[in-house]
>>> print(open('structure.cif').read())   # mmCIF, C-alpha atoms
data_my_file
loop_
_atom_site.label_atom_id
_atom_site.label_comp_id
_atom_site.auth_asym_id
_atom_site.auth_seq_id
_atom_site.Cartn_x
_atom_site.Cartn_y
_atom_site.Cartn_z
CA MET A 1 158.67 273.28 16.08
CA ILE A 2 160.02 271.48 19.10
CA LYS A 3 159.31 273.22 22.39
CA SER A 4 162.00 271.53 24.45
CA LEU A 5 163.04 271.67 28.10
CA ASP A 6 166.42 272.51 26.60
CA PRO A 7 166.44 276.17 25.53
CA ARG A 8 169.18 275.39 22.97
CA ILE A 9 166.91 272.89 21.25
CA THR A 10 163.97 275.31 21.21
CA ARG A 11 166.21 278.02 19.72
CA ALA A 12 167.36 275.62 16.97
CA GLU A 13 163.76 275.64 15.59
CA ILE A 14 163.64 271.96 14.70
CA GLU A 15 160.54 270.43 13.13
CA LEU A 16 159.36 267.24 14.85
CA THR A 17 158.85 265.53 11.49
CA ASN A 18 162.06 266.61 9.78
CA THR A 19 162.51 263.69 7.41
CA ILE A 20 166.02 263.68 5.92
CA ALA A 21 167.65 261.79 3.09
CA PRO A 22 169.45 258.67 4.34
CA LEU A 23 173.22 258.79 4.79
CA GLU A 24 174.96 257.61 1.66
CA GLU A 25 177.77 255.12 1.39
CA ASN A 26 181.11 256.58 2.59
CA ASP A 27 179.29 259.43 4.39
CA GLN A 28 181.43 258.56 7.43
CA TRP A 29 184.59 258.27 5.28
CA GLU A 30 186.86 255.29 5.72
CA THR A 31 188.52 253.75 8.74
CA TYR A 32 192.00 253.98 10.22
CA GLU A 33 193.41 251.39 12.60
CA VAL A 34 194.75 253.04 15.76
CA PHE A 35 197.90 251.97 17.61
CA HIS A 36 198.89 253.61 20.87
CA GLN A 37 201.83 253.55 23.23
CA LYS A 38 200.81 253.61 26.88
CA LYS A 39 204.11 254.91 28.16
CA ARG A 40 207.54 255.57 26.71
CA GLY A 41 209.46 252.30 26.35
CA ASP A 42 206.33 250.22 25.71
CA GLN A 43 205.44 248.81 22.33
CA HIS A 44 202.66 250.41 20.34
CA MET A 45 199.50 248.33 20.55
CA HIS A 46 196.38 248.15 18.43
CA VAL A 47 193.40 249.67 20.26
CA GLY A 48 190.66 250.08 17.65
CA ILE A 49 189.55 252.21 14.73
CA VAL A 50 188.39 255.71 13.90
CA HIS A 51 186.52 257.06 10.89
CA ALA A 52 188.28 259.99 9.30
CA ALA A 53 188.58 261.91 6.03
CA HIS A 54 192.37 262.20 6.21
CA PRO A 55 195.28 261.12 8.45
CA GLU A 56 195.43 264.36 10.47
CA MET A 57 191.76 263.99 11.36
CA ALA A 58 192.36 260.33 12.22
CA LEU A 59 195.08 261.35 14.68
CA LEU A 60 192.82 263.95 16.27
CA PHE A 61 189.92 261.49 16.68
CA ALA A 62 192.29 258.77 17.91
CA LYS A 63 193.55 261.13 20.61
CA GLU A 64 189.96 261.92 21.67
CA GLN A 65 188.74 258.33 21.65
CA TYR A 66 191.75 256.34 22.84
CA GLY A 67 194.03 258.83 24.55
CA ARG A 68 191.67 260.23 27.15
CA ARG A 69 192.85 260.59 30.76
CA GLY A 70 196.51 259.95 30.10
CA GLN A 71 196.02 256.53 28.54
CA SER A 72 198.50 257.17 25.70
CA VAL A 73 201.77 259.01 25.13
CA ASN A 74 201.98 258.38 21.39
CA ILE A 75 199.57 257.33 18.64
CA TRP A 76 199.94 255.88 15.14
CA VAL A 77 197.13 255.59 12.60
CA VAL A 78 197.11 253.60 9.39
CA LYS A 79 194.37 253.15 6.82
CA THR A 80 192.57 249.84 7.38
CA ARG A 81 192.91 249.03 3.68
CA ASP A 82 196.71 249.31 3.92
CA VAL A 83 196.99 246.58 6.56
CA TYR A 84 197.85 243.10 5.29
CA THR A 85 196.85 240.24 7.55
CA THR A 86 197.00 236.48 7.90
CA ASP A 87 193.80 234.49 8.40
CA TYR A 88 192.97 232.71 11.65
CA GLU A 89 192.05 229.77 9.42
CA ASP A 90 195.73 229.52 8.47
CA SER A 91 197.01 229.70 12.03
CA ASP A 92 198.72 226.31 11.53
CA ILE A 93 201.51 228.23 9.78
CA PHE A 94 202.68 229.14 13.29
CA ASP A 95 202.78 225.53 14.51
CA THR A 96 206.27 224.36 15.46
CA VAL A 97 206.91 220.80 14.30
CA PRO A 98 208.68 218.49 16.77
CA GLU A 99 211.59 217.61 14.42
CA LYS A 100 212.69 221.24 14.44
CA MET A 101 214.28 220.85 17.90
CA PHE A 102 217.56 222.16 16.40
CA ARG A 103 216.13 225.66 16.70
CA GLU A 104 214.99 225.36 20.33
CA ALA A 105 217.13 225.95 23.42
CA GLY A 106 215.83 222.62 24.75
CA GLY A 107 217.36 220.83 21.73
CA TYR A 108 220.88 221.16 23.18
CA LYS A 109 221.75 218.93 26.17
CA VAL A 110 225.37 219.95 26.93
CA MET A 111 225.33 218.91 30.59
CA GLU A 112 224.81 215.27 29.57
CA LYS A 113 227.94 215.42 27.42
CA ILE A 114 229.98 217.18 30.11
CA ASN A 115 228.93 214.74 32.80
CA ARG A 116 229.73 211.72 30.59
CA TYR A 117 233.19 213.16 29.78
CA LYS A 118 233.89 213.87 33.46
CA LYS A 119 232.87 210.32 34.41
CA GLU A 120 235.00 208.68 31.70
CA HIS A 121 238.06 210.73 32.62
CA LYS A 122 237.42 210.65 36.36
CA ILE A 123 237.59 214.45 36.70
CA MET B 1 175.43 254.25 29.86
CA TYR B 2 173.15 251.63 28.49
CA GLY B 3 169.94 249.69 28.84
CA ASN B 4 169.75 245.98 28.36
CA ALA B 5 169.02 244.84 24.82
CA TYR B 6 165.47 243.61 24.47
CA ILE B 7 165.03 240.07 23.17
CA ASP B 8 161.58 239.14 21.96
CA PRO B 9 160.65 236.00 23.92
CA ASN B 10 158.17 234.95 21.24
CA GLU B 11 160.78 234.59 18.53
CA LYS B 12 160.86 231.09 17.06
CA ALA B 13 163.62 229.17 18.80
CA ASN B 14 163.92 226.13 16.54
CA SER B 15 165.13 228.17 13.58
CA ILE B 16 168.09 229.68 15.44
CA VAL B 17 170.75 227.26 14.27
CA ALA B 18 168.91 225.90 11.23
CA GLY B 19 171.22 225.45 8.26
CA GLU B 20 174.45 225.83 10.26
CA ASP B 21 177.32 223.40 9.69
CA PRO B 22 177.11 221.14 12.77
CA GLU B 23 180.88 220.52 12.87
CA LYS B 24 181.73 224.22 12.79
CA LEU B 25 178.99 224.97 15.31
CA THR B 26 180.42 222.45 17.77
CA GLU B 27 183.92 223.86 17.34
CA PHE B 28 182.55 227.38 17.86
CA GLU B 29 180.68 226.43 21.02
CA THR B 30 183.67 224.53 22.41
CA ARG B 31 185.87 227.59 21.99
CA ILE B 32 183.35 229.77 23.80
CA SER B 33 182.96 227.30 26.66
CA LYS B 34 186.75 227.33 27.07
CA GLY B 35 186.56 231.11 27.50
CA GLU B 36 188.12 231.94 24.13
CA LYS B 37 187.09 235.13 22.36
CA ILE B 38 185.55 235.13 18.89
CA GLU B 39 187.20 237.55 16.45
CA PRO B 40 185.61 239.32 13.43
CA LYS B 41 186.89 237.02 10.69
CA ASP B 42 186.12 233.80 12.59
CA TRP B 43 183.27 231.53 11.58
CA MET B 44 180.13 232.28 13.59
CA PRO B 45 176.47 231.23 13.40
CA LYS B 46 174.21 233.69 11.57
CA GLU B 47 172.11 234.22 14.68
CA TYR B 48 175.20 235.05 16.77
CA ARG B 49 176.19 237.75 14.28
CA LYS B 50 172.63 239.09 14.05
CA GLN B 51 172.07 239.31 17.81
CA LEU B 52 175.47 240.89 18.45
CA ILE B 53 174.97 243.54 15.77
CA ARG B 54 171.54 244.35 17.22
CA MET B 55 172.85 244.49 20.77
CA ILE B 56 176.05 246.48 20.18
CA GLU B 57 174.24 248.83 17.82
CA GLN B 58 171.49 249.50 20.40
CA HIS B 59 174.16 250.08 22.99
CA ALA B 60 175.89 252.65 20.72
CA HIS B 61 172.60 254.44 19.99
CA SER B 62 171.90 254.57 23.74
CA GLU B 63 175.16 256.39 24.34
CA ILE B 64 174.34 258.96 21.64
CA ILE B 65 170.73 259.52 22.68
CA GLY B 66 171.67 259.31 26.37
CA ALA B 67 173.84 262.38 25.92
CA LEU B 68 170.72 264.45 25.10
CA PRO B 69 168.82 264.57 28.46
CA GLU B 70 172.06 265.32 30.31
CA GLY B 71 173.38 267.69 27.66
CA THR B 72 170.23 269.72 28.30
CA TRP B 73 171.72 270.80 31.61
CA ILE B 74 175.22 271.81 30.51
CA THR B 75 174.29 275.46 29.93
CA ARG B 76 172.38 275.63 33.21
CA ALA B 77 174.61 273.54 35.49
CA PRO B 78 174.93 275.09 38.96
CA GLY B 79 178.48 276.42 38.97
CA PHE B 80 181.61 276.15 36.89
CA GLN B 81 182.91 272.87 38.37
CA ARG B 82 179.60 271.10 37.72
CA LYS B 83 179.54 272.47 34.18
CA LEU B 84 183.05 271.22 33.46
CA ALA B 85 182.34 267.79 34.91
CA LEU B 86 179.04 267.42 33.05
CA MET B 87 180.67 268.41 29.76
CA ALA B 88 183.38 265.80 30.33
CA LYS B 89 180.77 263.15 31.11
CA VAL B 90 178.64 263.91 28.05
CA GLN B 91 181.76 263.90 25.87
CA ASP B 92 182.67 260.48 27.32
CA GLU B 93 179.23 259.11 26.40
CA VAL B 94 179.58 260.26 22.81
CA GLY B 95 183.06 258.73 22.72
CA HIS B 96 181.60 255.45 23.99
CA ALA B 97 179.18 255.47 21.06
CA GLN B 98 182.15 255.78 18.70
CA LEU B 99 183.88 252.76 20.27
CA LEU B 100 180.68 250.72 20.14
CA TYR B 101 179.78 251.59 16.55
CA SER B 102 183.33 250.50 15.65
CA ALA B 103 182.85 247.16 17.41
CA ALA B 104 179.50 246.57 15.67
CA GLU B 105 181.01 247.45 12.29
CA THR B 106 183.49 244.58 12.55
CA LEU B 107 180.44 242.31 12.19
CA GLY B 108 179.65 243.74 8.78
CA LYS B 109 177.01 246.47 9.26
CA SER B 110 178.26 249.86 8.11
CA ARG B 111 178.12 252.91 10.35
CA GLU B 112 175.92 254.70 7.82
CA ALA B 113 173.39 251.85 7.94
CA MET B 114 173.31 251.97 11.74
CA ILE B 115 172.78 255.75 11.82
CA ASN B 116 170.05 255.45 9.18
CA ASP B 117 168.27 252.82 11.28
CA LEU B 118 168.47 255.08 14.33
CA ILE B 119 167.11 258.23 12.71
CA THR B 120 164.24 256.44 11.00
CA GLY B 121 163.25 254.83 14.30
CA LYS B 122 163.97 251.29 13.08
CA SER B 123 166.63 250.61 15.74
CA LYS B 124 165.96 250.90 19.44
CA TYR B 125 167.95 252.54 22.20
CA SER B 126 167.64 252.40 25.96
CA ASN B 127 164.11 253.29 26.91
CA VAL B 128 165.07 255.51 29.86
CA PHE B 129 166.23 258.24 27.50
CA ASN B 130 162.70 258.78 26.25
CA TYR B 131 162.00 260.52 29.56
CA PRO B 132 162.82 264.19 30.19
CA ALA B 133 165.24 265.74 32.70
CA PHE B 134 162.94 268.40 34.18
CA GLU B 135 165.31 269.72 36.80
CA TRP B 136 169.03 269.78 37.58
CA ALA B 137 168.33 266.99 40.08
CA ASP B 138 167.08 264.76 37.23
CA ALA B 139 170.47 265.06 35.55
CA CYS B 140 172.11 264.09 38.87
CA ILE B 141 169.84 261.04 39.28
CA ILE B 142 170.65 259.96 35.72
CA ALA B 143 174.39 260.33 36.32
CA TRP B 144 174.26 258.27 39.50
CA LEU B 145 171.47 255.73 39.18
CA ILE B 146 171.18 255.18 35.43
CA ASP B 147 174.94 254.95 35.03
CA ALA B 148 175.00 252.53 37.97
CA GLY B 149 172.60 250.25 36.10
CA ALA B 150 174.70 250.62 32.98
CA ILE B 151 177.84 249.56 34.83
CA ILE B 152 176.21 246.36 36.09
CA ASN B 153 175.19 245.58 32.55
CA GLN B 154 178.51 246.48 30.97
CA VAL B 155 180.69 244.67 33.49
CA ALA B 156 178.63 241.53 32.78
CA ASN B 157 178.84 241.97 29.00
CA ALA B 158 182.60 242.64 29.13
CA LYS B 159 182.97 238.93 30.00
CA GLY B 160 181.10 237.94 26.85
CA SER B 161 182.49 236.05 23.88
CA TYR B 162 182.93 238.66 21.13
CA GLY B 163 186.46 240.13 21.29
CA PRO B 164 185.90 243.63 19.85
CA TYR B 165 182.83 244.24 22.07
CA CYS B 166 184.65 243.08 25.22
CA ARG B 167 187.63 245.31 24.50
CA ALA B 168 185.40 248.34 23.89
CA LEU B 169 183.54 247.65 27.14
CA ASP B 170 186.75 247.38 29.19
CA ARG B 171 187.68 250.85 28.00
CA ILE B 172 184.17 252.17 28.65
CA CYS B 173 183.92 250.74 32.17
CA THR B 174 187.05 252.66 33.25
CA GLU B 175 185.37 255.93 32.32
CA GLU B 176 182.00 254.97 33.78
CA SER B 177 183.53 254.75 37.24
CA PHE B 178 184.10 258.53 37.08
CA HIS B 179 180.46 259.03 36.05
CA LEU B 180 179.21 257.03 38.99
CA LYS B 181 181.33 258.95 41.51
CA TYR B 182 180.41 262.26 39.91
CA GLY B 183 176.69 261.36 39.98
CA HIS B 184 176.82 260.15 43.57
CA ASP B 185 178.58 263.34 44.64
CA ALA B 186 175.98 265.49 42.84
CA VAL B 187 173.06 263.61 44.45
CA VAL B 188 174.66 263.65 47.92
CA THR B 189 175.26 267.42 47.59
CA LEU B 190 171.53 267.97 47.00
CA ALA B 191 170.39 265.42 49.58
CA THR B 192 172.53 266.99 52.31
CA GLY B 193 171.79 270.57 51.22
CA THR B 194 168.96 273.04 51.81
CA PRO B 195 165.35 271.86 52.17
CA TYR B 196 164.76 273.16 48.62
CA GLN B 197 167.62 271.02 47.23
CA ARG B 198 166.50 267.98 49.20
CA ASN B 199 162.99 268.33 47.92
CA MET B 200 164.25 268.71 44.35
CA VAL B 201 166.30 265.50 44.49
CA GLN B 202 163.46 263.56 46.13
CA GLU B 203 161.06 264.62 43.37
CA ALA B 204 163.53 263.64 40.67
CA LEU B 205 164.09 260.25 42.31
CA THR B 206 160.34 259.65 42.47
CA ARG B 207 160.02 260.55 38.77
CA TRP B 208 162.92 258.30 37.74
CA TRP B 209 162.11 255.22 39.81
CA PRO B 210 159.66 253.62 37.30
CA PRO B 211 162.11 254.02 34.36
CA ILE B 212 164.90 252.68 36.58
CA MET B 213 162.81 249.58 37.36
CA HIS B 214 162.26 249.18 33.61
CA PHE B 215 165.98 249.58 32.90
CA PHE B 216 166.98 245.91 32.81
CA GLY B 217 163.90 244.91 30.81
CA PRO B 218 161.03 242.52 31.59
CA SER B 219 161.62 239.11 33.16
CA ASP B 220 163.10 236.82 30.56
CA LYS B 221 161.16 233.68 30.06
CA ILE B 222 163.63 230.83 30.06
CA SER B 223 163.14 230.22 26.38
CA GLN B 224 165.36 228.08 24.21
CA HIS B 225 166.42 231.31 22.55
CA THR B 226 167.78 233.02 25.69
CA GLU B 227 169.39 229.72 26.71
CA ILE B 228 171.35 229.57 23.45
CA LEU B 229 172.32 233.24 23.68
CA MET B 230 173.60 232.64 27.20
CA LYS B 231 175.53 229.57 26.06
CA TRP B 232 177.11 231.68 23.31
CA LYS B 233 177.92 234.37 25.90
CA VAL B 234 175.97 237.00 24.02
CA LYS B 235 173.66 237.50 26.97
CA MET B 236 175.53 237.21 30.26
CA ALA B 237 172.84 237.38 32.93
CA SER B 238 169.05 237.31 33.08
CA ASN B 239 167.24 240.65 33.36
CA ASP B 240 165.87 239.69 36.77
CA ASP B 241 169.30 238.74 38.11
CA MET B 242 170.74 242.07 37.04
CA ARG B 243 167.79 243.94 38.57
CA GLN B 244 168.32 242.06 41.86
CA GLN B 245 172.01 242.92 41.84
CA TYR B 246 171.16 246.56 41.20
CA LEU B 247 168.58 246.79 44.00
CA ASN B 248 170.96 245.10 46.38
CA MET B 249 173.73 247.58 45.65
CA TYR B 250 171.82 250.85 45.40
CA VAL B 251 168.58 250.77 47.41
CA PRO B 252 170.53 250.77 50.72
CA LYS B 253 172.61 253.71 49.49
CA ILE B 254 169.43 255.63 48.55
CA TRP B 255 167.75 254.90 51.89
CA ASP B 256 170.97 255.84 53.67
CA LEU B 257 170.44 259.41 52.44
CA GLY B 258 166.96 259.42 54.01
CA LEU B 259 165.34 259.52 50.58
CA THR B 260 162.24 257.45 49.85
CA LEU B 261 161.31 255.31 46.88
CA PRO B 262 157.74 255.33 45.51
CA ASP B 263 157.11 251.62 46.02
CA PRO B 264 155.57 250.56 49.37
CA ASN B 265 156.31 246.89 48.59
CA LEU B 266 160.04 247.36 48.06
CA LYS B 267 161.94 245.35 50.66
CA LYS B 268 164.58 242.68 50.91
CA ASN B 269 163.27 239.28 51.91
CA GLU B 270 165.87 238.21 54.45
CA GLU B 271 165.01 234.53 54.03
CA THR B 272 165.43 234.34 50.27
CA GLY B 273 167.95 237.20 50.05
CA LYS B 274 165.90 238.54 47.13
CA TRP B 275 164.31 241.96 46.76
CA GLU B 276 160.54 242.13 46.50
CA TYR B 277 158.84 244.96 44.64
CA THR B 278 155.66 245.97 42.89
CA GLU B 279 155.80 244.61 39.34
CA PRO B 280 156.75 247.50 37.03
CA ASP B 281 154.19 248.62 34.44
CA TRP B 282 155.41 246.66 31.43
CA ASP B 283 152.61 247.96 29.21
CA GLU B 284 154.00 251.45 29.73
CA PHE B 285 157.49 250.09 28.92
CA LYS B 286 156.27 248.57 25.65
CA ARG B 287 154.30 251.67 24.72
CA VAL B 288 157.33 253.95 25.24
CA ILE B 289 159.87 251.64 23.57
CA ASN B 290 157.59 251.48 20.53
CA GLY B 291 157.68 255.24 20.12
CA ASP B 292 154.98 256.70 22.31
CA GLY B 293 157.01 258.13 25.20
CA PRO B 294 157.30 261.73 26.35
CA CYS B 295 160.52 262.44 24.40
CA ASN B 296 160.86 259.82 21.62
CA ALA B 297 159.92 262.20 18.81
CA GLU B 298 162.11 265.02 20.09
CA ARG B 299 165.17 262.80 20.55
CA LEU B 300 165.04 261.51 16.98
CA ALA B 301 164.23 264.91 15.50
CA VAL B 302 167.26 266.40 17.26
CA ARG B 303 169.42 263.54 16.02
CA ARG B 304 168.20 263.98 12.42
CA ASN B 305 168.82 267.70 12.67
CA SER B 306 172.43 267.13 13.73
CA GLU B 307 173.05 264.66 10.91
CA GLU B 308 171.51 267.04 8.37
CA ARG B 309 173.37 270.15 9.52
CA GLY B 310 176.71 268.33 9.57
CA ARG B 311 176.22 266.73 6.19
CA TRP B 312 177.86 269.48 4.09
CA VAL B 313 181.02 269.27 6.22
CA ARG B 314 181.27 265.53 5.77
CA GLU B 315 180.67 265.85 2.03
CA ALA B 316 183.21 268.64 1.64
CA LEU B 317 185.88 266.44 3.21
CA LYS B 318 185.12 263.38 1.11
CA THR B 319 187.84 262.47 -1.38
CA ALA B 320 187.46 260.55 -4.61
CA ASP B 321 189.62 257.65 -3.48
CA THR B 322 187.69 256.94 -0.24
CA LYS B 323 187.21 253.19 -0.04
CA TYR B 324 185.50 251.60 2.93
CA ILE B 325 186.47 248.15 4.05
CA VAL B 326 185.28 246.40 7.20
CA PRO B 327 187.61 247.23 10.12
CA LEU B 328 189.93 244.48 11.34
CA ALA B 329 189.33 244.23 15.08
#
>>> encode(input="structure.cif", output="structure tokens")
Amino acid sequence: MIKSLDPRITRAEIELTNTIAPLEENDQWETYEVFHQKKRGDQHMHVGIVHAAHPEMALLFAKEQYGRRGQSVNIWVVKTRDVYTTDYEDSDIFDTVPEKMFREAGGYKVMEKINRYKKEHKI
Amino acid sequence: MYGNAYIDPNEKANSIVAGEDPEKLTEFETRISKGEKIEPKDWMPKEYRKQLIRMIEQHAHSEIIGALPEGTWITRAPGFQRKLALMAKVQDEVGHAQLLYSAAETLGKSREAMINDLITGKSKYSNVFNYPAFEWADACIIAWLIDAGAIINQVANAKGSYGPYCRALDRICTEESFHLKYGHDAVVTLATGTPYQRNMVQEALTRWWPPIMHFFGPSDKISQHTEILMKWKVKMASNDDMRQQYLNMYVPKIWDLGLTLPDPNLKKNEETGKWEYTEPDWDEFKRVINGDGPCNAERLAVRRNSEERGRWVREALKTADTKYIVPLA
């Protein structure tokens, strides 16, 4: 038995060589991705994960781990396996090609047209 | 709180990047040198993944085990305010472990595997927690001076290259600043109190000084291995540099309280700007980290006991459709 400096540990009557069976797969359940809102009006942002057996537990753990000291006003959790993602390897899908200027503000040069018209008509 | 991860200087350096795709490796290193963060699904060298898992996992274990010597004093804290503050601090540390395990998991090692490696003694944790907190003053010294070391370490690592680890550390550092202030206040209260209190804090400081000098680990040889890990921003500063930074920040604050440190050679060399000290007993460090310290066996037995007694609850809550996949970020 452990004779500890901590009276709680001594009272727990723990053997020093208390071999236990290893934790099995899924012992810690599955993970939920946590999104929090820092203050009303802000967008919810991803902050990390928690392990939980069900959504209510995930919300409770998310509050303890990510909402301490007034860091959040609202929290969402969603099972990691329910999140669909793109790959960083495919990040070229976000590249804007130069010939698509028709969908940029900079693709429209109205002042040039106005100035040319004014000059031609001496306005 | 945390102790620096220990890298074996004798590990073969030439095998570190053996078999890696040179093109991908160059791209990876370029991104890191530009200050970009590496994310879980990105390509990374095997050694980068291995060292990060080891380091973040050790850090998480240190938070869990570190809660034990301080937790010892919750029931006997002197007064209600101290009890509340200590409970909050210990709860923070356990929360930090959760954040860190999550970060390590993104690299592909399951939480169950990490806990199994802790309770069988395969994984390490910060060596300082293998020492006991004899008195209330020991808990105060831990809260001030061990957490101070941890902050130096964590602020450095927060500038590293692995995204999930950096984000966890940013969150952790915010909370550590409360620990440091709380610890300083607790030590100052004793140091400016009755002769009995003053004596108690001096004795605790004397007991904790050798483990504190061990905290950042032995001098790193400038091996090819540490050089690569520093280039990859896995390791952010040498152990000696962090120890110097620590001594520079905290020795004056300790002396300011009229307390003494048990090292007659400790002084700042005004010419070099470096602190000089008696070389810590690294044989003792190695002996304790390999299992033969005053509290190693107790710490792991307590941990195993907690896992075992909580097991039925975790099993009762398990549902048939539970399906673990590696977390995203």
>>> residues_around(input="structure.cif", residues="Glu30 (chain A)", least_positions_apart="2", cutoff="9 Å", atoms="only C-alpha atoms", output="ChimeraX atom specification")
/A:26-28,32,50-54,79-81 /B:322-325
>>> closest_residue(input="structure.cif", among="A:Ile2, A:Leu60, A:Ile14, A:Val73", to="Gln37 (chain A)", atoms="all atoms listed in the file")
A:Val73
>>> interface_residues(input="structure.cif", of="chain A", to="chain B", cutoff="8 Å", atoms="all atoms listed in the file", output="number ranges by chain")
A: 2, 4-9, 14-20, 22-31, 33, 48-50, 53, 64-65, 80-81, 87-89
>>> atom_distance(input="structure.cif", atom1="CA of Ser161 (chain B)", atom2="CA of Glu227 (chain B)")
14.8 Å
>>> atom_distance(input="structure.cif", atom1="CA of Ser123 (chain B)", atom2="CA of Arg54 (chain B)")
8.1 Å
>>> atom_distance(input="structure.cif", atom1="CA of Thr86 (chain A)", atom2="CA of Ala158 (chain B)")
26.4 Å
>>> closest_residue(input="structure.cif", among="B:Pro195, B:Lys83, B:Gly291, B:Arg31", to="Phe129 (chain B)", atoms="all atoms listed in the file")
B:Gly291
>>> resolve_selection(input="structure.cif", expression="the PyMOL selection byres ((chain B and resi 149) around 9)", output="PyMOL selection string")
chain B and resi 1-3+144-148+150-154+212+215-216+242-243+246
>>> axis_aligned_box(input="structure.cif", around="region 76-84 of chain A", padding_each_side="8 Å", output="JSON")
{"center_x": 196.3, "center_y": 249.5, "center_z": 9.4, "size_x": 23.4, "size_y": 28.8, "size_z": 27.5}
>>> residues_around(input="structure.cif", residues="Lys274 (chain B)", least_positions_apart="2", cutoff="10 Å", atoms="only C-alpha atoms", output="MDAnalysis selection string")
chainID B and resid 241 244:245 247:248 267:272 276:277
>>> resolve_selection(input="structure.cif", expression="the PyMOL selection byres ((chain B and resi 33) around 12)", output="list in words")
Thr26, Glu27, Phe28, Glu29, Thr30, Arg31, Ile32, Lys34, Gly35, Glu36, Lys37, Ile38, Gly160, Ser161, Met230, Lys231, Trp232 and Lys233 of chain B
>>> residues_around(input="structure.cif", residues="His46 (chain A)", least_positions_apart="4", cutoff="7 Å", atoms="all atoms listed in the file", output="VMD selection string")
chain A and resid 34 to 36
>>> resolve_selection(input="structure.cif", expression="the PyMOL selection byres ((chain B and resi 236) around 8)", output="PDB file with C-alpha atoms, in the coordinates of the input")
ATOM      1  CA  ALA B 156     178.630 241.530  32.780  1.00  0.00           C
ATOM      2  CA  ASN B 157     178.840 241.970  29.000  1.00  0.00           C
ATOM      3  CA  LYS B 159     182.970 238.930  30.000  1.00  0.00           C
ATOM      4  CA  GLY B 160     181.100 237.940  26.850  1.00  0.00           C
ATOM      5  CA  MET B 230     173.600 232.640  27.200  1.00  0.00           C
ATOM      6  CA  LYS B 233     177.920 234.370  25.900  1.00  0.00           C
ATOM      7  CA  VAL B 234     175.970 237.000  24.020  1.00  0.00           C
ATOM      8  CA  LYS B 235     173.660 237.500  26.970  1.00  0.00           C
ATOM      9  CA  ALA B 237     172.840 237.380  32.930  1.00  0.00           C
ATOM     10  CA  SER B 238     169.050 237.310  33.080  1.00  0.00           C
TER      11      SER B 238
END
>>> residues_around(input="structure.cif", residues="Ile141 (chain B)", least_positions_apart="2", cutoff="7 Å", atoms="only C-alpha atoms", output="list in words")
Ala137, Asp138, Ala139, Ala143, Trp144, Leu145, Gly183, Val187, Ala204 and Leu205 of chain B
